[in-house]
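Enquirer: One structure, pasted below without further comment.
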Amino acid sequence: MQIEFYKYQGTGNDFVMIDNRSGVFPKENVQLIAHLCDRRFGIGGDGLILLENDEIASKLAMTTDFRMVYYNSDGNQSSMCGNGGRCLVAFAKKQNVINNSCTFIATDGLHHATITENGLVSLQMIDVPNVNITPDYVFLNTGSPHHVQLVEDLENYNIKENGAAIRYGKLYGAAGSNINFVKQIDADTFSLRTYERGVEDETLSCGTGATAVAIAMNAIGKTNSTSIHLNVEGGKLEVSFEKKDGKFTNVFLIGPAKFVFKGEIEI
């Protein structure tokens, strides 16, 4: 069977996009999805995302524009991907599913988003009611679990080795966590590098990771700003939020989402 695919990237976090509103894609085939994400034998990507009709919302009389189904590059369905969500909004616009705003459902719940004509996507993330602060790291869930840790020499830090050691260590057990290493640049700017669970390597960007870092840095008093700039390996992101009584609401991840190419592949 021939399928049409699209490739998108958001600050270097790249995804295979498939319009599955017809429901024909074999979405339970883990090996196939991993193959499509393979950079040598497939299309290549940090993950694969299906654009689907939200039939569950229709049954509950909810109004949504589409459903996001996200898979890591290992072929397994995973938790929320912020950059993937932003890229899916751009893809939905290209497919004429939406205009400049939308509401969609993902594994962590309902999301609202807007997109400008030049592809800048502002995506509402989930509220974060709990931030676990320890002397050495911060842990929080921004749609996916994230460990946030400050390091001095971020540029030369071995992200894959140190990230994997924490991800597979006793701290997070079999489920693991995404691991973010952070350096403060100024009062409201931070640089970060992320080891992503499911990719099992460093990625050029992680949207839920950038969101986690912004909230974590505010929570531990490294910044008083509620609009924070993040330098990731693949570009720049911005995270804004409201904070009250230690809870973070109206969280938005803002950044570019760009079409790369389209094609067909035999599956």
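Chain labels follow the order of the structure tokens: the first chain is A, the next B, and so on; residue numbering restarts at 1 in every chain, and ligands are counted from 1 in their shown order.
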Env of Ala210 in chain A: 10 Å cut, atoms = only C-alpha atoms, seq-sep filter 5 positions within chain, self excluded. Answer as a ChimeraX atom specification.
Expert: /A:82-83,142,146,148,180,182,190-194,205,215-216,228-232,236-239,253
Enquirer: Which residues are near Lys7 in chain A? Cut-off 12 Å, only C-alpha atoms, ignore same chain within fewer than 6 positions. Put them as a JSON list (two decimals) with C-alpha atoms, in the first residue's frame.
Expert:
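Written output follows (out-v3.json):
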[["chain", "number", "residue", "atom", "x", "y", "z"],
["A", 13, "ASN", "CA", 12.57, 18.37, 16.27],
["A", 14, "ASP", "CA", 11.35, 16.54, 13.15],
["A", 15, "PHE", "CA", 8.28, 14.42, 12.52],
["A", 16, "VAL", "CA", 6.66, 12.22, 9.91],
["A", 17, "MET", "CA", 3.07, 13.44, 9.47],
["A", 18, "ILE", "CA", 0.28, 11.27, 8.08],
["A", 19, "ASP", "CA", -3.33, 12.27, 7.48],
["A", 36, "LEU", "CA", 9.34, 4.92, 8.92],
["A", 37, "CYS", "CA", 11.20, 6.97, 11.58],
["A", 43, "ILE", "CA", 11.81, 8.53, 6.06],
["A", 44, "GLY", "CA", 13.54, 9.66, 9.24],
["A", 45, "GLY", "CA", 12.18, 11.54, 12.22],
["A", 46, "ASP", "CA", 12.14, 11.94, 15.98],
["A", 47, "GLY", "CA", 8.57, 10.68, 15.88],
["A", 48, "LEU", "CA", 5.49, 9.95, 13.76],
["A", 49, "ILE", "CA", 2.19, 11.77, 14.17],
["A", 50, "LEU", "CA", -1.25, 10.83, 12.88],
["A", 84, "GLY", "CA", 4.97, 17.68, 17.54],
["A", 87, "CYS", "CA", 3.89, 20.89, 13.84],
["A", 88, "LEU", "CA", 0.56, 19.08, 13.68],
["A", 90, "ALA", "CA", 0.77, 23.62, 10.88],
["A", 91, "PHE", "CA", 0.02, 20.35, 9.05],
["A", 257, "ALA", "CA", 6.68, 24.91, 12.78],
["A", 258, "LYS", "CA", 7.93, 24.38, 9.24],
["A", 259, "PHE", "CA", 7.04, 22.12, 6.33],
["A", 260, "VAL", "CA", 10.12, 20.31, 4.97],
["A", 261, "PHE", "CA", 8.93, 17.99, 2.19],
["A", 262, "LYS", "CA", 6.23, 15.48, 1.18],
["A", 263, "GLY", "CA", 6.40, 12.12, -0.53],
["A", 264, "GLU", "CA", 4.98, 8.62, -0.88]]
Enquirer: Residues within 9 Å of range 128-132 of chain A, please, as number ranges by chain. Count only C-alpha atoms; anything in the same chain fewer than 4 positions from it doesn't count.
Expert: A: 137-143, 215-216, 219, 246-249, 251
Enquirer: Could you go through range 83-230 of chain A and tell me which residues DSSP, when run on the backbone, assigns to strand (DSSP E), listing them as a ChimeraX atom specification?
Expert: /A:101-106,109-115,120-124,132-133,138-141,145-150,178-186,189-196,201-203,227-230
Enquirer: Considering only C-alpha atoms, can you say which of A:Lys93, A:Asn99, A:Phe104, A:Phe252 comes closest to Asn53 in chain A?
Expert: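 Comparing A:Lys93, A:Asn99, A:Phe104, A:Phe252 against Asn53 in chain A, the winner is A:Phe104.
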Enquirer: Just the number, please: distance in Å from CA of Asn218 in chain A to CA of Tyr70 in chain A, one decimal.
Expert: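 Between CA of Asn218 in chain A and CA of Tyr70 in chain A the gap works out to 28.7 Å.
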Enquirer: Do you know which residues are at most 10 Å from Ser79 in chain A counting only C-alpha atoms, after dropping those on the same chain fewer than 3 positions away, and could you put them as a list of chain:residue names?
Expert: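 After dropping sequence-adjacent residues, the list is A:Val69, A:Tyr70, A:Tyr71, A:Asn72, A:Asn76, A:Gly82, A:Ala106, A:Thr107, A:Asp108, A:Thr142, A:Gly143, A:Ser144, A:Pro145, A:Gly198, A:Thr208.
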Enquirer: Give the alpha helix (DSSP H) residues of range 78-261 of chain A, as assigned by DSSP on the backbone, as an MDAnalysis selection string.
Expert: chainID A and resid 82:94 159:167 207:219
Enquirer: Give the answer as one residue: which of A:Ile3, A:Ala92, A:Ile56, A:Met217 has the shortest atom-to-atom distance to Thr114 in chain A, using only C-alpha atoms?
Expert: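 The answer is A:Ala92, which sits nearest to Thr114 in chain A.
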Enquirer: Which one is closest to Val213 in chain A: A:Arg167, A:His147, A:Lys244, A:Arg197? Count only C-alpha atoms.
Expert: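 Smallest separation from Val213 in chain A among the options: A:His147.
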Enquirer: One decimal, in Å: what's the spacing between CA of Gly10 in chain A and CA of Gly255 in chain A?
Expert: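 Straight-line distance from CA of Gly10 in chain A to CA of Gly255 in chain A works out to 7.3 Å.
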Enquirer: Between CA of Pro256 in chain A and CA of Met80 in chain A, what is the distance in Å, rounded to a tenth?
Expert: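 Straight-line distance from CA of Pro256 in chain A to CA of Met80 in chain A works out to 17.8 Å.
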